[in-house]
>>> print(open('start_5.txt').read())   # compact mmCIF, C-alpha atoms and all ligand atoms
# COMPACT_ATOMS: atom_id res chain seq x y z
CA MET F 926 -26.80 73.88 30.32
CA LYS F 927 -22.99 73.41 30.16
CA THR F 928 -21.13 71.80 33.04
CA ASN F 929 -17.57 72.83 33.70
CA ARG F 930 -15.14 70.29 35.13
CA GLU F 931 -11.97 71.41 36.83
CA TRP F 932 -9.14 70.34 39.10
CA ILE F 933 -8.29 72.88 41.80
CA LEU F 934 -5.00 73.14 43.70
CA ARG F 935 -6.17 72.39 47.25
CA ARG F 936 -2.80 72.42 49.02
CA ARG F 937 0.87 72.68 48.03
CA PRO F 938 2.39 69.23 47.36
CA GLU F 939 5.16 68.04 49.61
CA GLY F 940 7.38 65.86 47.44
CA PRO F 941 5.65 64.17 44.50
CA CYS F 942 2.10 65.46 44.04
CA VAL F 943 -0.76 63.14 45.02
CA VAL F 944 -4.47 63.20 44.17
CA ASP F 945 -5.36 64.69 47.56
CA ASP F 946 -3.37 67.82 46.68
CA PHE F 947 -6.20 68.60 44.25
CA GLU F 948 -9.97 68.91 44.42
CA TYR F 949 -12.32 67.93 41.61
CA ARG F 950 -15.19 70.37 40.96
CA GLU F 951 -18.18 70.46 38.64
CA SER F 952 -20.31 73.55 38.19
CA GLU F 953 -22.72 75.11 35.73
CA PHE F 954 -20.84 77.08 33.10
CA VAL F 955 -22.27 80.17 31.44
CA ASN F 956 -20.12 81.80 28.75
CA PRO F 957 -18.72 84.98 30.32
CA ALA F 958 -18.48 88.36 28.59
CA LEU F 959 -14.84 88.25 27.48
CA GLU F 960 -12.47 91.12 28.14
CA PRO F 961 -10.44 92.32 25.09
CA GLY F 962 -7.69 89.87 24.07
CA HIS F 963 -9.25 86.84 25.73
CA ILE F 964 -10.44 83.48 24.40
CA LEU F 965 -12.82 80.85 25.73
CA VAL F 966 -11.49 77.38 24.88
CA HIS F 967 -13.02 73.93 25.21
CA ASN F 968 -10.02 71.77 26.16
CA SER F 969 -9.75 68.22 24.79
CA VAL F 970 -6.09 67.29 25.44
CA PHE F 971 -3.89 67.83 28.48
CA LEU F 972 -0.10 67.46 28.21
CA CYS F 973 1.66 66.24 31.37
CA ALA F 974 4.50 68.77 31.48
CA PRO F 975 6.91 68.20 34.40
CA THR F 976 7.30 71.93 35.01
CA LEU F 977 3.68 72.25 36.23
CA ARG F 978 4.99 70.77 39.46
CA ASN F 979 7.14 73.92 39.90
CA TRP F 980 4.05 76.10 39.48
CA MET F 981 2.34 74.22 42.34
CA ASP F 982 4.99 75.48 44.76
CA ALA F 983 4.79 78.72 46.72
CA PRO F 984 6.29 81.69 44.79
CA SER F 985 9.96 80.92 44.17
CA ASN F 986 12.33 81.05 41.24
CA SER F 987 9.97 79.78 38.54
CA LEU F 988 9.30 82.06 35.58
CA TYR F 989 5.54 81.67 35.95
CA PRO F 990 3.70 82.82 39.05
CA SER F 991 2.83 80.07 41.45
CA ILE F 992 -0.74 78.76 41.28
CA ASP F 993 -2.92 80.22 44.03
CA LEU F 994 -4.46 77.74 46.43
CA GLY F 995 -8.11 77.29 45.44
CA ALA F 996 -7.39 78.15 41.78
CA PRO F 997 -7.55 75.72 38.82
CA VAL F 998 -4.19 74.13 38.00
CA LEU F 999 -2.24 76.06 35.35
CA ALA F 1000 -1.41 73.56 32.62
CA THR F 1001 -0.46 72.84 29.01
CA THR F 1002 -3.67 72.13 27.10
CA ALA F 1003 -5.13 71.92 23.60
CA GLY F 1004 -8.69 72.61 22.48
CA ARG F 1005 -11.07 74.64 20.34
CA VAL F 1006 -11.90 78.34 20.63
CA LEU F 1007 -15.61 78.83 21.44
CA GLU F 1008 -15.58 82.60 21.86
CA SER F 1009 -12.91 85.18 21.18
CA THR F 1010 -12.01 88.84 21.44
CA ASP F 1011 -8.54 88.17 19.97
CA ASP F 1012 -8.49 88.46 16.14
CA ARG F 1013 -5.59 86.01 15.94
CA PHE F 1014 -7.78 83.19 17.27
CA PRO F 1015 -11.28 83.34 15.74
CA VAL F 1016 -14.09 81.06 16.90
CA GLY F 1017 -13.46 77.47 15.73
CA THR F 1018 -9.64 77.79 15.74
CA ARG F 1019 -7.88 74.90 17.44
CA VAL F 1020 -5.07 75.97 19.76
CA THR F 1021 -2.36 74.70 22.07
CA MET F 1022 -1.76 76.91 25.07
CA ILE F 1023 -0.98 77.42 28.70
CA GLY F 1024 -4.47 77.01 30.10
CA HIS F 1025 -5.81 75.12 33.09
CA TRP F 1026 -7.04 71.71 34.16
CA GLN F 1027 -10.53 72.80 33.09
CA LYS F 1028 -12.92 71.78 30.33
CA TYR F 1029 -14.06 75.37 29.68
CA ASP F 1030 -11.10 77.65 30.00
CA VAL F 1031 -10.87 81.45 29.70
CA VAL F 1032 -7.34 82.56 28.82
CA ASN F 1033 -5.78 85.98 28.35
CA SER F 1034 -4.12 85.24 25.01
CA ALA F 1035 -2.28 88.56 25.09
CA VAL F 1036 -0.31 87.30 28.09
CA TRP F 1037 -0.12 83.50 27.88
CA PRO F 1038 1.43 81.50 25.00
CA VAL F 1039 -1.33 80.41 22.59
CA ARG F 1040 -0.53 78.84 19.20
CA SER F 1041 -2.93 77.91 16.37
CA VAL F 1042 -3.04 74.32 15.17
CA PRO F 1043 -2.85 74.09 11.36
CA GLU F 1044 -5.60 72.36 9.36
CA GLY F 1045 -4.85 68.68 8.74
CA GLN F 1046 -3.24 68.17 12.12
CA ASP F 1047 -5.15 66.70 15.05
CA LEU F 1048 -4.56 67.81 18.64
CA ILE F 1049 -2.51 64.68 19.44
CA GLU F 1050 -0.03 65.55 16.69
CA ALA F 1051 -0.12 69.19 17.75
CA MET F 1052 0.88 68.18 21.30
CA GLY F 1053 3.14 65.29 20.21
CA PRO F 1054 5.46 65.19 17.17
CA MET F 1055 4.74 68.84 16.30
CA GLY F 1056 4.16 69.93 19.87
CA MET F 1057 5.89 72.18 22.36
CA ASN F 1058 8.28 69.52 23.65
CA ALA F 1059 9.38 68.50 20.15
CA LEU F 1060 9.89 72.14 19.14
CA THR F 1061 11.76 72.79 22.38
CA ALA F 1062 14.12 69.94 21.48
CA TYR F 1063 14.56 71.43 18.00
CA PHE F 1064 15.71 74.82 19.27
CA GLY F 1065 17.67 73.37 22.18
CA VAL F 1066 19.79 71.37 19.78
CA THR F 1067 19.97 73.59 16.69
CA ALA F 1068 20.12 77.03 18.34
CA VAL F 1069 21.60 76.44 21.81
CA GLY F 1070 23.78 73.29 21.64
CA ARG F 1071 24.71 73.73 17.95
CA PRO F 1072 26.53 70.39 17.60
CA LEU F 1073 28.82 69.85 14.63
CA ALA F 1074 28.87 66.67 12.55
CA GLY F 1075 31.22 64.15 14.14
CA GLU F 1076 30.87 65.56 17.65
CA THR F 1077 29.54 63.53 20.58
CA MET F 1078 26.19 64.55 21.99
CA LEU F 1079 24.86 63.17 25.28
CA VAL F 1080 21.15 63.48 26.14
CA SER F 1081 19.50 62.87 29.54
CA GLY F 1082 15.84 61.91 29.80
CA ALA F 1083 16.54 60.54 26.33
CA ALA F 1084 13.55 58.19 26.11
CA GLY F 1085 11.09 60.95 27.06
CA SER F 1086 9.09 63.39 25.00
CA THR F 1087 11.68 66.16 24.66
CA GLY F 1088 14.80 64.02 25.00
CA SER F 1089 13.91 61.49 22.30
CA VAL F 1090 13.44 64.27 19.75
CA ALA F 1091 16.64 66.05 20.83
CA ALA F 1092 18.62 62.82 20.48
CA GLN F 1093 17.29 62.11 16.99
CA ILE F 1094 17.99 65.66 15.82
CA GLY F 1095 21.55 65.12 17.05
CA LYS F 1096 21.75 62.06 14.79
CA ILE F 1097 20.25 64.01 11.87
CA MET F 1098 22.99 66.63 12.39
CA GLY F 1099 25.64 63.93 12.07
CA CYS F 1100 26.63 63.46 15.71
CA ARG F 1101 27.49 60.38 17.65
CA VAL F 1102 24.58 60.35 20.13
CA VAL F 1103 24.40 58.64 23.51
CA GLY F 1104 21.16 58.62 25.52
CA ILE F 1105 20.65 58.31 29.27
CA ALA F 1106 17.38 56.70 30.43
CA GLY F 1107 15.90 54.67 33.26
CA GLY F 1108 15.88 50.89 32.69
CA PRO F 1109 16.91 48.39 30.01
CA ASP F 1110 13.67 48.59 27.98
CA LYS F 1111 14.06 52.31 27.38
CA CYS F 1112 17.76 51.83 26.56
CA ASP F 1113 16.91 49.08 24.03
CA TRP F 1114 14.32 51.36 22.43
CA LEU F 1115 16.86 54.18 22.08
CA ILE F 1116 19.34 51.96 20.26
CA ASN F 1117 17.08 49.64 18.27
CA GLU F 1118 14.21 51.98 17.37
CA LEU F 1119 15.78 55.43 17.35
CA GLY F 1120 19.25 54.38 16.14
CA LEU F 1121 21.30 55.98 18.90
CA ASP F 1122 24.94 54.89 19.12
CA ALA F 1123 24.75 53.86 22.78
CA ALA F 1124 22.46 54.13 25.79
CA ILE F 1125 23.13 54.34 29.52
CA ASP F 1126 20.78 53.06 32.22
CA TYR F 1127 21.43 55.67 34.90
CA ARG F 1128 19.96 53.40 37.57
CA ALA F 1129 22.62 50.73 36.95
CA GLY F 1130 26.24 51.36 37.83
CA ASN F 1131 28.52 54.37 38.18
CA LEU F 1132 27.29 57.10 35.87
CA VAL F 1133 30.59 58.98 35.49
CA GLU F 1134 32.26 55.74 34.38
CA GLN F 1135 29.39 54.76 32.10
CA ILE F 1136 29.57 58.11 30.32
CA HIS F 1137 33.35 57.75 30.03
CA GLU F 1138 32.97 54.27 28.49
CA THR F 1139 30.22 55.20 26.01
CA CYS F 1140 31.77 58.59 25.12
CA PRO F 1141 35.49 57.69 24.87
CA ASN F 1142 36.29 61.00 23.17
CA GLY F 1143 34.41 63.00 25.81
CA VAL F 1144 31.12 64.92 25.53
CA ASP F 1145 30.90 67.95 23.22
CA VAL F 1146 27.22 68.77 23.73
CA PHE F 1147 25.12 67.71 26.71
CA PHE F 1148 21.35 68.19 26.34
CA ASP F 1149 20.12 68.03 29.92
CA ASN F 1150 16.52 67.36 30.93
CA VAL F 1151 17.31 66.13 34.44
CA GLY F 1152 19.98 68.04 36.39
CA GLY F 1153 21.36 66.89 39.75
CA GLU F 1154 23.72 63.90 39.74
CA ILE F 1155 23.25 63.34 36.01
CA LEU F 1156 24.35 66.89 35.19
CA GLN F 1157 27.29 66.49 37.57
CA ALA F 1158 28.39 63.25 35.88
CA ALA F 1159 28.16 64.86 32.44
CA VAL F 1160 30.24 67.84 33.60
CA GLU F 1161 32.94 65.36 34.71
CA ASN F 1162 33.11 64.19 31.09
CA ILE F 1163 32.67 67.48 29.22
CA ASN F 1164 35.23 68.43 26.56
CA LYS F 1165 37.08 71.70 26.01
CA PHE F 1166 34.58 74.15 24.42
CA GLY F 1167 31.70 71.88 25.46
CA ARG F 1168 28.12 73.17 25.45
CA ILE F 1169 25.53 72.26 28.08
CA VAL F 1170 21.92 72.84 27.06
CA LEU F 1171 19.81 73.37 30.18
CA CYS F 1172 16.39 72.22 29.02
CA GLY F 1173 15.02 70.89 32.33
CA GLN F 1174 15.93 69.89 35.87
CA ILE F 1175 13.27 67.28 36.59
CA ALA F 1176 15.36 65.59 39.30
CA GLY F 1177 14.72 68.62 41.52
CA TYR F 1178 11.09 69.51 40.76
CA ASN F 1179 9.60 67.56 43.67
CA GLU F 1180 11.78 69.26 46.27
CA SER F 1181 10.00 72.64 46.35
CA ARG F 1182 13.26 74.58 46.59
CA PRO F 1183 15.69 75.97 44.02
CA VAL F 1184 17.60 73.25 42.16
CA GLN F 1185 21.35 72.96 42.91
CA GLY F 1186 23.86 73.41 40.10
CA PRO F 1187 27.09 71.49 39.47
CA THR F 1188 29.82 71.73 42.09
CA ASN F 1189 33.05 72.11 40.11
CA MET F 1190 32.63 75.43 38.32
CA MET F 1191 36.38 75.76 37.66
CA ARG F 1192 35.89 73.01 35.10
CA PHE F 1193 33.72 75.45 33.12
CA ILE F 1194 36.45 78.08 33.24
CA TYR F 1195 39.42 75.88 32.34
CA GLY F 1196 37.29 74.02 29.77
CA SER F 1197 35.79 77.18 28.21
CA VAL F 1198 32.44 75.45 28.64
CA ARG F 1199 29.18 77.22 27.89
CA MET F 1200 26.01 76.33 29.84
CA GLN F 1201 22.78 77.95 28.68
CA GLY F 1202 19.13 77.71 29.63
CA PHE F 1203 16.35 78.50 27.16
CA LEU F 1204 12.60 78.40 26.58
CA LEU F 1205 10.61 77.62 23.45
CA GLY F 1206 9.12 81.12 23.64
CA ASP F 1207 12.60 82.58 22.94
CA TYR F 1208 12.23 81.31 19.36
CA GLU F 1209 8.58 82.19 18.64
CA ASP F 1210 9.44 83.99 15.36
CA GLU F 1211 11.34 80.97 14.06
CA LEU F 1212 8.55 78.43 14.62
CA PRO F 1213 7.53 78.14 10.93
CA ARG F 1214 11.05 77.03 9.94
CA ALA F 1215 11.15 74.53 12.82
CA ARG F 1216 7.77 73.06 11.90
CA GLU F 1217 8.87 72.71 8.27
CA ASP F 1218 12.10 70.89 9.21
CA MET F 1219 10.32 68.63 11.69
CA ALA F 1220 7.60 67.71 9.16
CA THR F 1221 10.26 66.90 6.55
CA TRP F 1222 12.21 64.66 8.93
CA ILE F 1223 9.03 62.88 10.05
CA ASN F 1224 7.92 62.30 6.44
CA GLU F 1225 11.38 60.99 5.55
CA GLY F 1226 11.19 58.54 8.49
CA ARG F 1227 14.23 60.12 10.16
CA LEU F 1228 12.34 61.38 13.19
CA LYS F 1229 10.14 59.00 15.18
CA HIS F 1230 7.78 59.94 17.93
CA ARG F 1231 5.72 58.03 20.43
CA GLU F 1232 2.75 59.27 22.41
CA ASP F 1233 1.47 57.69 25.59
CA VAL F 1234 -2.24 58.55 25.37
CA ARG F 1235 -4.50 58.11 28.39
CA THR F 1236 -8.15 59.09 28.73
CA GLY F 1237 -10.52 60.67 31.23
CA PHE F 1238 -10.60 64.15 32.74
CA GLU F 1239 -11.08 62.54 36.17
CA ASN F 1240 -7.68 60.81 35.81
CA ILE F 1241 -5.56 63.92 35.20
CA PRO F 1242 -3.80 64.15 38.61
CA THR F 1243 -3.09 60.41 38.82
CA VAL F 1244 -1.70 60.21 35.30
CA TYR F 1245 0.29 63.41 35.83
CA GLY F 1246 2.22 61.80 38.72
CA GLU F 1247 3.63 59.19 36.33
CA ILE F 1248 5.92 61.72 34.65
CA PHE F 1249 8.08 61.61 37.79
CA THR F 1250 8.22 57.82 38.08
CA GLY F 1251 9.21 57.26 34.46
CA THR F 1252 6.26 54.95 33.72
CA ASN F 1253 5.36 57.12 30.72
CA GLU F 1254 6.48 55.85 27.33
CA GLY F 1255 6.82 59.01 25.30
CA THR F 1256 4.74 62.18 25.37
CA LEU F 1257 2.21 61.71 28.17
CA LEU F 1258 -1.21 63.03 27.10
CA ILE F 1259 -4.71 62.82 28.54
CA VAL F 1260 -7.51 62.94 25.98
CA THR F 1261 -10.91 63.92 27.32
CA ASP F 1262 -13.16 63.89 24.22
CA GLU F 1263 -13.27 63.06 20.51
CA ASP F 1264 -12.52 66.61 19.34
CA ALA F 1265 -8.89 65.67 20.08
CA TYR F 1266 -8.92 63.66 16.81
CA ALA F 1267 -10.53 66.30 14.55
CA THR F 1268 -8.21 67.73 11.91
CA ASN F 1269 -10.04 70.98 11.22
N1 LIG K 1 13.07 74.53 28.47
C1 LIG K 1 11.85 74.30 28.01
O1 LIG K 1 11.24 75.16 27.36
C2 LIG K 1 11.23 72.95 28.23
C3 LIG K 1 10.07 72.55 27.49
C4 LIG K 1 9.59 71.27 27.68
C5 LIG K 1 10.18 70.41 28.61
N2 LIG K 1 11.25 70.85 29.32
C6 LIG K 1 11.90 69.97 30.30
O2 LIG K 1 12.29 68.78 29.64
C7 LIG K 1 12.34 67.72 30.58
C8 LIG K 1 11.56 66.53 30.03
O3 LIG K 1 10.19 66.86 29.99
P1 LIG K 1 9.16 65.99 29.10
O4 LIG K 1 7.86 66.72 29.14
O5 LIG K 1 9.78 65.69 27.80
O6 LIG K 1 8.96 64.68 29.98
P2 LIG K 1 9.40 63.18 29.62
O7 LIG K 1 10.87 63.18 29.35
O8 LIG K 1 8.49 62.61 28.60
O9 LIG K 1 9.11 62.44 30.99
C9 LIG K 1 9.90 62.71 32.09
C10 LIG K 1 10.98 61.63 32.21
O10 LIG K 1 11.99 62.10 33.07
C11 LIG K 1 12.61 61.01 33.72
N3 LIG K 1 12.72 61.32 35.15
C12 LIG K 1 11.73 61.66 35.99
N4 LIG K 1 12.22 61.90 37.23
C13 LIG K 1 13.57 61.70 37.15
C14 LIG K 1 14.63 61.78 38.06
N5 LIG K 1 14.42 62.14 39.34
N6 LIG K 1 15.89 61.50 37.63
C15 LIG K 1 16.11 61.14 36.35
N7 LIG K 1 15.14 61.05 35.43
C16 LIG K 1 13.88 61.33 35.82
C17 LIG K 1 11.72 59.79 33.49
O11 LIG K 1 12.38 58.98 32.51
P3 LIG K 1 13.35 57.75 32.95
O12 LIG K 1 12.47 56.54 32.97
O13 LIG K 1 14.36 57.75 31.89
O14 LIG K 1 13.86 58.09 34.31
C18 LIG K 1 10.46 60.36 32.87
O15 LIG K 1 9.87 59.50 31.94
C19 LIG K 1 11.79 68.27 31.89
O16 LIG K 1 12.85 68.63 32.72
C20 LIG K 1 11.01 69.49 31.44
O17 LIG K 1 10.88 70.45 32.46
C21 LIG K 1 11.78 72.09 29.15
>>> encode(input="start_5.txt", output="structure tokens")
Amino acid sequence: MKTNREWILRRRPEGPCVVDDFEYRESEFVNPALEPGHILVHNSVFLCAPTLRNWMDAPSNSLYPSIDLGAPVLATTAGRVLESTDDRFPVGTRVTMIGHWQKYDVVNSAVWPVRSVPEGQDLIEAMGPMGMNALTAYFGVTAVGRPLAGETMLVSGAAGSTGSVAAQIGKIMGCRVVGIAGGPDKCDWLINELGLDAAIDYRAGNLVEQIHETCPNGVDVFFDNVGGEILQAAVENINKFGRIVLCGQIAGYNESRPVQGPTNMMRFIYGSVRMQGFLLGDYEDELPRAREDMATWINEGRLKHREDVRTGFENIPTVYGEIFTGTNEGTLLIVTDEDAYATN
């Protein structure tokens, strides 16, 4: 007999989510007869993606539908296909996907993003250095921000999973890169480990002035993971023809209402500034090139990555909350069994 384990959304969080917003359930699991284009996956790794918090809200402006109360939490997961009616993902394939906080997970792979994990890569790598956040950073910088060598690039959330990769790609492209992060330890790491040119602790001092001091020639490209006051401060320092890459707005995710934009829009007009949002899925056809570039940079030691790996399916909601307090050090993952470390 197989036992399924799952975390259900019990009520809509008010502010940061807490364990009582969810209910843990165990039940006997019998493989269902799959409809065409579906896969049954045994999940082994759960990525703490900030945007899940948006999906916990009532229907609003999020791209994905909101999670129904009483339904398993929609989530970024990785695991192995146990049964399949989708020829792209035969039994035994390892995948990363939008699944659920469930051990046994049935997903409509015709609708939700599912990507195969190549042989030789374990699920930690597939969710970390070669994962969706890293690839998001790749396209956000190379396709949306398009910085030129010698330009100044500013990155918020720079010590996090997506931001740390974006910042390093900026360096690889020949930019002067300044990172914004919470606290002196993260700032030290950005400069001493990742080789950024400067780092700003956004919790200490006036942010507009700190950006002005560390970016004396202004900001050409701002890669924004945070929004709110940090976006506003960057806009105050943006150069003529500046580009703002809207990757995330984490500062507003706990508020359960649409996130506010910057206040001085005339600055965009007089500065001929471009601000653009994007999703990794916009670049699905270009993933092979991205993976090749990323692998080369990692092998050459030019791109570093750190994962913050926790364990235990029972700990998912508690660990997930840490993404909003900044206690994560790198890509925050929860591993729930040894298949996470298999490479084929
Ligand atoms: N567009 C896309 O397709 C896409 C894909 C992936 C991720 N994203 C976005 O990228 C951003 C980063 O996600 P991630 O998964 O890489 O997480 P992460 O950066 O590894 O972790 C989140 C970090 O955000 C910072 N943070 C949290 N609340 C904050 C607040 N109120 N103000 C300022 N900083 C705050 C914390 O770092 P500090 O200690 O520095 O505060 C925390 O460690 C999110 O906005 C996410 O939605 C977008």
>>> residues_around(input="start_5.txt", residues="Ala1267 in chain F", least_positions_apart="3", cutoff="8 Å", atoms="only C-alpha atoms", output="NGL selection string")
:F and (1046-1048 or 1263-1264)
>>> residues_near_ligand(input="start_5.txt", ligand="ligand LIG 1 (chain K)", cutoff="8 Å", atoms="only C-alpha atoms and all ligand atoms", output="ChimeraX atom specification")
/F:973-976,1057-1058,1061-1062,1065,1081-1089,1105-1108,1111,1126-1127,1149-1153,1155,1171-1177,1202-1206,1247-1257
>>> closest_residue(input="start_5.txt", among="F:Leu1119, F:Thr1067, F:Glu1138, F:Ser985", to="Arg1214 in chain F", atoms="all atoms listed in the file")
F:Thr1067
>>> atom_distance(input="start_5.txt", atom1="CA of Leu999 in chain F", atom2="CA of Pro1242 in chain F")
12.4 Å
>>> atom_distance(input="start_5.txt", atom1="CA of Ile1116 in chain F", atom2="CA of Arg1128 in chain F")
17.4 Å
>>> closest_residue(input="start_5.txt", among="F:Leu1132, F:Arg978, F:Gly1017, F:Gly1167", to="Val943 in chain F", atoms="all atoms listed in the file")
F:Arg978
>>> residues_around(input="start_5.txt", residues="Glu1050 in chain F", least_positions_apart="6", cutoff="10 Å", atoms="all atoms listed in the file", output="JSON list (two decimals) with C-alpha atoms, keeping the file's coordinate frame")
[["chain", "number", "residue", "atom", "x", "y", "z"],
["F", 1042, "VAL", "CA", -3.04, 74.32, 15.17],
["F", 1056, "GLY", "CA", 4.16, 69.93, 19.87],
["F", 1230, "HIS", "CA", 7.78, 59.94, 17.93],
["F", 1232, "GLU", "CA", 2.75, 59.27, 22.41],
["F", 1265, "ALA", "CA", -8.89, 65.67, 20.08],
["F", 1266, "TYR", "CA", -8.92, 63.66, 16.81],
["F", 1268, "THR", "CA", -8.21, 67.73, 11.91]]
>>> residues_around(input="start_5.txt", residues="Trp1026 in chain F", least_positions_apart="5", cutoff="9 Å", atoms="all atoms listed in the file", output="MDAnalysis selection string")
chainID F and resid 930:933 968 971 997:1002 1238 1241
>>> decode(input="start_5.txt", residues="range 1046-1058 of chain F", atoms="N, CA, C and O atoms", output="JSON list (two decimals), in the first residue's frame")
[["chain", "number", "residue", "atom", "x", "y", "z"],
["F", 1046, "GLN", "N", 22.57, 14.76, -14.02],
["F", 1046, "GLN", "CA", 22.24, 15.88, -13.13],
["F", 1046, "GLN", "C", 21.30, 15.35, -12.02],
["F", 1046, "GLN", "O", 20.37, 14.63, -12.34],
["F", 1047, "ASP", "N", 21.59, 15.69, -10.78],
["F", 1047, "ASP", "CA", 20.61, 15.29, -9.75],
["F", 1047, "ASP", "C", 19.54, 16.37, -9.60],
["F", 1047, "ASP", "O", 19.64, 17.45, -10.21],
["F", 1048, "LEU", "N", 18.54, 16.09, -8.78],
["F", 1048, "LEU", "CA", 17.40, 17.02, -8.70],
["F", 1048, "LEU", "C", 17.77, 18.31, -7.95],
["F", 1048, "LEU", "O", 17.10, 19.33, -8.13],
["F", 1049, "ILE", "N", 18.83, 18.26, -7.15],
["F", 1049, "ILE", "CA", 19.27, 19.49, -6.46],
["F", 1049, "ILE", "C", 19.86, 20.45, -7.50],
["F", 1049, "ILE", "O", 19.53, 21.64, -7.53],
["F", 1050, "GLU", "N", 20.73, 19.89, -8.36],
["F", 1050, "GLU", "CA", 21.28, 20.73, -9.45],
["F", 1050, "GLU", "C", 20.18, 21.24, -10.36],
["F", 1050, "GLU", "O", 20.20, 22.39, -10.80],
["F", 1051, "ALA", "N", 19.22, 20.34, -10.64],
["F", 1051, "ALA", "CA", 18.14, 20.71, -11.58],
["F", 1051, "ALA", "C", 17.26, 21.81, -11.01],
["F", 1051, "ALA", "O", 16.62, 22.55, -11.76],
["F", 1052, "MET", "N", 17.22, 21.94, -9.69],
["F", 1052, "MET", "CA", 16.42, 22.99, -9.05],
["F", 1052, "MET", "C", 17.31, 24.16, -8.62],
["F", 1052, "MET", "O", 16.81, 25.21, -8.24],
["F", 1053, "GLY", "N", 18.64, 23.95, -8.63],
["F", 1053, "GLY", "CA", 19.57, 24.96, -8.16],
["F", 1053, "GLY", "C", 20.29, 25.66, -9.30],
["F", 1053, "GLY", "O", 19.69, 26.47, -10.01],
["F", 1054, "PRO", "N", 21.59, 25.32, -9.51],
["F", 1054, "PRO", "CA", 22.38, 26.04, -10.51],
["F", 1054, "PRO", "C", 21.82, 25.95, -11.93],
["F", 1054, "PRO", "O", 22.05, 26.84, -12.74],
["F", 1055, "MET", "N", 21.09, 24.86, -12.25],
["F", 1055, "MET", "CA", 20.51, 24.73, -13.59],
["F", 1055, "MET", "C", 18.99, 24.85, -13.52],
["F", 1055, "MET", "O", 18.29, 24.47, -14.45],
["F", 1056, "GLY", "N", 18.50, 25.39, -12.43],
["F", 1056, "GLY", "CA", 17.06, 25.37, -12.19],
["F", 1056, "GLY", "C", 16.33, 26.58, -12.71],
["F", 1056, "GLY", "O", 16.89, 27.47, -13.37],
["F", 1057, "MET", "N", 15.04, 26.64, -12.38],
["F", 1057, "MET", "CA", 14.18, 27.67, -12.97],
["F", 1057, "MET", "C", 14.56, 29.08, -12.53],
["F", 1057, "MET", "O", 14.48, 30.01, -13.33],
["F", 1058, "ASN", "N", 15.07, 29.25, -11.31],
["F", 1058, "ASN", "CA", 15.47, 30.59, -10.90],
["F", 1058, "ASN", "C", 16.72, 31.04, -11.66],
["F", 1058, "ASN", "O", 16.81, 32.19, -12.12]]
